[in-house]
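Below is one structure, written out as structure tokens; the observations come after it.
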Amino acid sequence: MGDFASPTIRTFQVFPDLPESLKPLNELAHNIWWMWHPDGVELFRRLDRKLWEDVYHNPVKLLGAIDQEKLAAAALDEGYLAHLGRVYMMFKAHLSEKGWYQKAHTEQSKLLVAYFSAEFGLHESLPIYSGGLGILAGDHLKSASEIGLPLVAVGLLYRQGYFQQYLSADGWQQEAYPELDFYNLPIVPLKYADGSDVHVRVDMPENAVFCKVWKASVGRIPLYLLDTNLTENAPADRDITSRLYGGGTEMRIKQEIVLGIGGLRALEALNVQPNIYHMNEGHSAFLALERIRVLLNERPITFDEARQQVMATNCFTTHTPVPAGIDMFPPDLVMKYFRSYIPSLKLDEEGFLALGREDVTNSKQGFSMAVLAIRLADSINGVSWLHGDVSRKMWHTLWPQVPPDEVPIKHITNGVHVRSWFSPDIQFVLDRYLSGKWMTDPTDQTVWEGVNQIPDEELWRAHERCRERLVGWVRGVLREQLTRRGGSYEEVQTADEVLDPEALTIGFARRFATYKRGALLMRDQDRLMRLLEDTKRPIQFVFAGKAHPADHEGKELIKTIVNFARSANVRRRMVFLENYDINVARYLVQGVDVWLNTPRRPYEASGTSGMKAAANGVLNLSVLDGWWVEGYAPDLGWAIGRGESYSDANYQDTIESNSLYDLLEKQILPLFYERGGDNIPRPWIARMKNCLRKLAPVFNTNRMVREYAETFYVPALIRGERLGANNLERSIELAHTKDHLRYKWSGIKVVGVHSSGNGNFKVGDSVKIEAMIDLPDLKPDDVAVELFAGSLNATGQIEKPTLLRMKYSQQMAPGRHLFVGEISCRSSGRQGYSIRVVPGSMDLATPFEPGLILWN
């Protein structure tokens, strides 16, 4: 029998047949807006509650699968039509109303931000995310829509998403990769005017790769997603967008080329013209190279001249507190994929590779995507106060002569889109007592003060409903897990008895990386068992989380927890839920009483799951790492340990596990079970109210996105317009200024320093400083001469220095200039100062950008 020849398949699409009065449902189903409005969720659930669960809350699939008779009945149901009309009116009002940005920045109406990320976590029905980075990106888009920020987003459409997790009989994580049906997802393929699909081309070493462009709508924000699973692509290239974080190093560089370069070309094909580009992690950093290439193709300028303009309008957010978490490619692999691209940048191969090297002189060093992003962005930030500090130290080698505290990396603390994560019960109570004002501006802390007006009984009952819902849901999920795993009849029956709807419930759910120490609670199992066996003050734990498929140690942690939880005297008090995703997270952060987080400080960059819990009045029990350093106060939750870092990891685990047990035994359990005659824990509820009042308005993405707009986007727009005016006149001039400074810098000398007085001063006195500086072939305003002054510590180093710019006084001789300054003696003790010279151009993003600094 001969080989079977695949027949030609001609495609067509079938759409739901909606009665005329229900037509708005299709528009609503294709916009993620509905998911953060309980009324919108209920609109779809109401059509068929069982089917809604079966299609995993996917409204597009629901409308395609529902019985036509139910649609006909809904079309005649006046109550349902009134519900639909109310939701649709709210939706249309959101799309057309002016937001905070339009009101606050009328002079910067031209702003359009392009936000690039390798993953977006918008909803469980669109599973193209793995964890915190993606959820943060999704919440960024939702808040951008709410505040009216002009923004488009770009990502990849993974046909297998991130893996589905299930456990073997012995508790070992297994991975499954089901294919997504794009035509039953809340996305649409984009078309040109002639009806053909929008395709863009990216060149790879062996051949071109074509990418189809899809769109997901998030309120008023479009998210463009690239898909390489096209028949015109080679089989290996069709797999580029098959799995999120799947495959090896070569697959990763191909994905990041498609994201960065292909994503930029997709925007061009759609005639979308952003003026600010935000790289959410280093995965999309190749977009900066493509922006430079486009400028060089349009104008007869050099790489450095084009680079200045691109840097001015690029922002980069790093989420990684350890070098090992950064994408690093071998030089030969980078050359394989970029050798033919490099000439279009007007660079040689060494100049290109140096862009991604931490040490530009080390030709064997790998090519870092974070270093590339840092070198091609003027605006750089970490995602919490502590992470900003960690990042400045981590990347200090890129600015070796700059004090770590002055390394030009800022921080903008993450948040969560609170309306996506509120339980309907909590939201109902808030709507009643905060009069809906919190929805207009969830960052208005004065509005949140109204939480104190909520009667304790009402808030507690709302929370108890969430816990009861969690317990009921966990029992159903566990029953399915055990049945699928081949559990015995007795095991499956036990699932109906796990957890107590009234017991203190603690949740732990996150990626099972080793630094997150998922099994820290198990360190002293005897002590843990005493807690679990206490019938007077019952306590129970719900765990969830995935380990990366290649992370053997992370899988071992999961196995440890699963096997401990299977013990006969534990199984009713401890559960591990498979396949952690947005839906699982929603039940947990709404239904537990305490959110547990045990990272090894300082490796948690932010940790937004605890913010989601706090927004539901759930108290945090966490190591002082990430966001909790900023959020913690004794009246809000508990801190495990004292926020110290230890060189001995084993010792640190011992100290902090003991602290965890102490807190549970001596503070948390007594407080939770401190009840009056009405059985209401009023001191506990006071802390719940404090969480809502103090944390929800601060740790949310509406505040975060506003901060990005004020700190980065708008200043970058203004700077970009200034540098780009008159055919990039000032960009070109700045590039030449930097070249000139680099050429002349070695000739700069501090030839004399003189201070007033005899070295002994009183508080209130001033010390006058004069510095004689040789500036050969440079003007005085080409540099800034600064006093770096402050109190000295025991080792003779200046602590918490003050920077004072010295004034230009006069020319003393050809090329020799006098600068003067003054230090005010505000406190007694041993003081000191240094003089430093840095570039002085007003057009520099920071004086440290050219890497030139002279200390004396």
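A note on labels: chains of the structure tokens are A, B, ... as shown, every chain counts residues from 1, and ligands are counted from 1 in their shown order.
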Exercise: A:Lys191 partners within 12 Å, only C-alpha atoms, chain neighbours under 3 positions left out, as a PDB file with N, CA, C and O atoms, in the first residue's frame:
ATOM      1  N   VAL A 188      -9.928  37.168  18.223  1.00  0.00           N
ATOM      2  CA  VAL A 188     -10.351  37.188  16.812  1.00  0.00           C
ATOM      3  C   VAL A 188      -9.113  37.352  15.933  1.00  0.00           C
ATOM      4  O   VAL A 188      -8.180  38.074  16.292  1.00  0.00           O
ATOM      5  N   ASP A 194      -8.931  43.716   2.482  1.00  0.00           N
ATOM      6  CA  ASP A 194      -9.392  42.772   1.454  1.00  0.00           C
ATOM      7  C   ASP A 194      -9.865  41.438   2.033  1.00  0.00           C
ATOM      8  O   ASP A 194     -10.199  40.510   1.290  1.00  0.00           O
ATOM      9  N   GLY A 195      -9.869  41.327   3.356  1.00  0.00           N
ATOM     10  CA  GLY A 195     -10.350  40.111   3.992  1.00  0.00           C
ATOM     11  C   GLY A 195      -9.286  39.075   4.286  1.00  0.00           C
ATOM     12  O   GLY A 195      -9.570  38.051   4.923  1.00  0.00           O
ATOM     13  N   SER A 196      -8.048  39.300   3.852  1.00  0.00           N
ATOM     14  CA  SER A 196      -6.974  38.339   4.105  1.00  0.00           C
ATOM     15  C   SER A 196      -6.428  38.522   5.517  1.00  0.00           C
ATOM     16  O   SER A 196      -6.505  39.613   6.100  1.00  0.00           O
ATOM     17  N   ASP A 197      -5.872  37.434   6.071  1.00  0.00           N
ATOM     18  CA  ASP A 197      -5.321  37.492   7.420  1.00  0.00           C
ATOM     19  C   ASP A 197      -4.095  38.397   7.478  1.00  0.00           C
ATOM     20  O   ASP A 197      -3.287  38.432   6.536  1.00  0.00           O
ATOM     21  N   VAL A 198      -3.959  39.123   8.594  1.00  0.00           N
ATOM     22  CA  VAL A 198      -2.744  39.914   8.820  1.00  0.00           C
ATOM     23  C   VAL A 198      -1.599  38.950   9.139  1.00  0.00           C
ATOM     24  O   VAL A 198      -1.682  38.184  10.115  1.00  0.00           O
ATOM     25  N   HIS A 199      -0.566  38.968   8.312  1.00  0.00           N
ATOM     26  CA  HIS A 199       0.634  38.154   8.515  1.00  0.00           C
ATOM     27  C   HIS A 199       1.845  39.068   8.554  1.00  0.00           C
ATOM     28  O   HIS A 199       1.893  40.063   7.825  1.00  0.00           O
ATOM     29  N   LYS A 212       0.769  34.916  12.152  1.00  0.00           N
ATOM     30  CA  LYS A 212      -0.593  35.419  12.083  1.00  0.00           C
ATOM     31  C   LYS A 212      -0.862  36.261  13.326  1.00  0.00           C
ATOM     32  O   LYS A 212      -0.339  35.968  14.404  1.00  0.00           O
ATOM     33  N   VAL A 213      -1.677  37.298  13.186  1.00  0.00           N
ATOM     34  CA  VAL A 213      -1.938  38.209  14.305  1.00  0.00           C
ATOM     35  C   VAL A 213      -3.402  38.101  14.730  1.00  0.00           C
ATOM     36  O   VAL A 213      -4.317  38.225  13.916  1.00  0.00           O
ATOM     37  N   TRP A 214      -3.578  37.842  16.024  1.00  0.00           N
ATOM     38  CA  TRP A 214      -4.901  37.765  16.637  1.00  0.00           C
ATOM     39  C   TRP A 214      -5.055  38.923  17.619  1.00  0.00           C
ATOM     40  O   TRP A 214      -4.071  39.525  18.037  1.00  0.00           O
ATOM     41  N   LYS A 215      -6.298  39.193  17.993  1.00  0.00           N
ATOM     42  CA  LYS A 215      -6.537  40.260  18.965  1.00  0.00           C
ATOM     43  C   LYS A 215      -7.459  39.783  20.075  1.00  0.00           C
ATOM     44  O   LYS A 215      -8.510  39.188  19.808  1.00  0.00           O
ATOM     45  N   ALA A 266       4.232  43.529  13.615  1.00  0.00           N
ATOM     46  CA  ALA A 266       2.778  43.391  13.652  1.00  0.00           C
ATOM     47  C   ALA A 266       2.123  44.756  13.870  1.00  0.00           C
ATOM     48  O   ALA A 266       1.118  45.089  13.226  1.00  0.00           O
ATOM     49  N   ALA A 269       2.242  46.586  10.654  1.00  0.00           N
ATOM     50  CA  ALA A 269       1.270  46.068   9.688  1.00  0.00           C
ATOM     51  C   ALA A 269      -0.134  46.552  10.002  1.00  0.00           C
ATOM     52  O   ALA A 269      -0.966  46.726   9.095  1.00  0.00           O
ATOM     53  N   LEU A 270      -0.426  46.768  11.267  1.00  0.00           N
ATOM     54  CA  LEU A 270      -1.745  47.231  11.693  1.00  0.00           C
ATOM     55  C   LEU A 270      -1.852  48.753  11.707  1.00  0.00           C
ATOM     56  O   LEU A 270      -2.881  49.310  12.085  1.00  0.00           O
TER      57      LEU A 270
END
Q. What residues in stretch 648-844 of chain A get the DSSP label strand (DSSP E)? Please answer as a PyMOL selection string.
A. chain A and resi 749-755+766-774+783-792+798-805+807-813+816-824+831-839
Q. A:Lys516: which residues within 9 Å, counting only C-alpha atoms, same-chain residues fewer than 5 positions away excluded, as a list in words?
A. Arg510, Arg511, Asn597, Thr598, Pro599, Arg600, Tyr603 and Glu604 of chain A
Q: Please return as number ranges by chain: the residues of stretch 92-305 of chain A that backbone DSSP assigns to helix (DSSP H, G or I).
A: A: 92-96, 100-104, 106-108, 132-147, 182-184, 235-238, 249-269, 282-284, 286-298, 303-305
**Q.** Non-local contacts of stretch 651-664 of chain A (7 Å; only C-alpha atoms; under 6 positions in same chain excluded) as a PyMOL selection string
**A.** chain A and resi 520-521+523+640-641
For N, CA, C and O atoms, I'd like the residues from the last selection saved as an mmCIF file, in the first residue's frame.
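Dumped everything to out-v1.cif:
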data_model
loop_
_atom_site.group_PDB
_atom_site.id
_atom_site.type_symbol
_atom_site.label_atom_id
_atom_site.label_comp_id
_atom_site.auth_asym_id
_atom_site.auth_seq_id
_atom_site.Cartn_x
_atom_site.Cartn_y
_atom_site.Cartn_z
ATOM 1 N N LEU A 520 8.491 24.572 53.923
ATOM 2 C CA LEU A 520 9.037 25.074 55.188
ATOM 3 C C LEU A 520 8.136 24.686 56.364
ATOM 4 O O LEU A 520 8.623 24.404 57.467
ATOM 5 N N LEU A 521 6.841 24.643 56.117
ATOM 6 C CA LEU A 521 5.895 24.277 57.164
ATOM 7 C C LEU A 521 6.134 22.857 57.676
ATOM 8 O O LEU A 521 5.784 22.533 58.808
ATOM 9 N N ARG A 523 8.986 21.402 58.216
ATOM 10 C CA ARG A 523 10.350 21.217 58.737
ATOM 11 C C ARG A 523 10.354 20.496 60.086
ATOM 12 O O ARG A 523 11.225 19.669 60.360
ATOM 13 N N ILE A 640 7.188 36.665 59.424
ATOM 14 C CA ILE A 640 7.968 35.484 59.815
ATOM 15 C C ILE A 640 9.429 35.905 59.888
ATOM 16 O O ILE A 640 10.005 36.349 58.887
ATOM 17 N N GLY A 641 10.052 35.791 61.035
ATOM 18 C CA GLY A 641 11.427 36.242 61.197
ATOM 19 C C GLY A 641 11.502 37.748 61.310
ATOM 20 O O GLY A 641 10.484 38.446 61.471
#
Q | Residue contacts of stretch 230-236 of chain A (7 Å, only C-alpha atoms) excluding same-chain residues fewer than 3 positions away, as a ChimeraX atom specification | A | /A:209-210,239
For A:Glu69: contacts at 12 Å, only C-alpha atoms, fewer than 6 positions along chain excluded, given as a tab-separated table (two decimals) with all heavy atoms, in the first residue's frame:
chain	number	residue	atom	x	y	z
A	17	ASP	N	-25.83	31.05	16.65
A	17	ASP	CA	-27.01	31.68	16.07
A	17	ASP	C	-27.79	32.35	17.20
A	17	ASP	O	-28.64	31.73	17.85
A	17	ASP	CB	-27.86	30.62	15.37
A	17	ASP	CG	-29.08	31.24	14.68
A	17	ASP	OD1	-29.06	32.47	14.48
A	17	ASP	OD2	-30.03	30.50	14.36
A	18	LEU	N	-27.46	33.61	17.45
A	18	LEU	CA	-28.08	34.32	18.56
A	18	LEU	C	-29.32	35.06	18.10
A	18	LEU	O	-29.29	35.75	17.06
A	18	LEU	CB	-27.09	35.34	19.16
A	18	LEU	CG	-25.84	34.78	19.85
A	18	LEU	CD1	-24.95	35.93	20.30
A	18	LEU	CD2	-26.21	33.91	21.03
A	19	PRO	N	-30.43	34.95	18.84
A	19	PRO	CA	-31.59	35.79	18.54
A	19	PRO	C	-31.19	37.27	18.57
A	19	PRO	O	-30.26	37.67	19.27
A	19	PRO	CB	-32.56	35.46	19.68
A	19	PRO	CG	-32.14	34.11	20.16
A	19	PRO	CD	-30.66	34.05	19.98
A	47	LEU	N	-27.28	31.67	31.79
A	47	LEU	CA	-27.79	30.95	30.62
A	47	LEU	C	-27.82	29.45	30.84
A	47	LEU	O	-28.75	28.77	30.44
A	47	LEU	CB	-26.95	31.28	29.39
A	47	LEU	CG	-27.10	32.68	28.79
A	47	LEU	CD1	-26.02	32.92	27.73
A	47	LEU	CD2	-28.49	32.87	28.20
A	48	ASP	N	-26.76	28.90	31.47
A	48	ASP	CA	-26.68	27.46	31.74
A	48	ASP	C	-25.57	27.25	32.75
A	48	ASP	O	-24.39	27.22	32.40
A	48	ASP	CB	-26.40	26.68	30.45
A	48	ASP	CG	-26.50	25.18	30.64
A	48	ASP	OD1	-26.14	24.69	31.74
A	48	ASP	OD2	-26.93	24.48	29.71
A	75	ALA	N	-34.17	34.90	25.17
A	75	ALA	CA	-34.57	36.03	24.32
A	75	ALA	C	-35.98	36.51	24.65
A	75	ALA	O	-36.35	37.63	24.28
A	75	ALA	CB	-34.47	35.64	22.85
A	76	LEU	N	-36.78	35.66	25.31
A	76	LEU	CA	-38.15	36.04	25.67
A	76	LEU	C	-38.30	36.36	27.15
A	76	LEU	O	-39.38	36.68	27.62
A	76	LEU	CB	-39.10	34.89	25.31
A	76	LEU	CG	-39.16	34.52	23.81
A	76	LEU	CD1	-40.02	33.29	23.60
A	76	LEU	CD2	-39.69	35.70	22.99
Q: Tell me, in Å to one decimal, how far atom CA of A:Val570 is from atom CA of A:Arg586.
A: 24.7 Å
Q: Quick one: pull the distance between atom CA of A:Thr320 and atom CA of A:Ser606, Å, one decimal.
A: 9.5 Å
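Nearest to A:Met842 of all the residues A:Arg826, A:Arg357, A:His140, A:Arg719 is A:Arg719, based on only C-alpha atoms.
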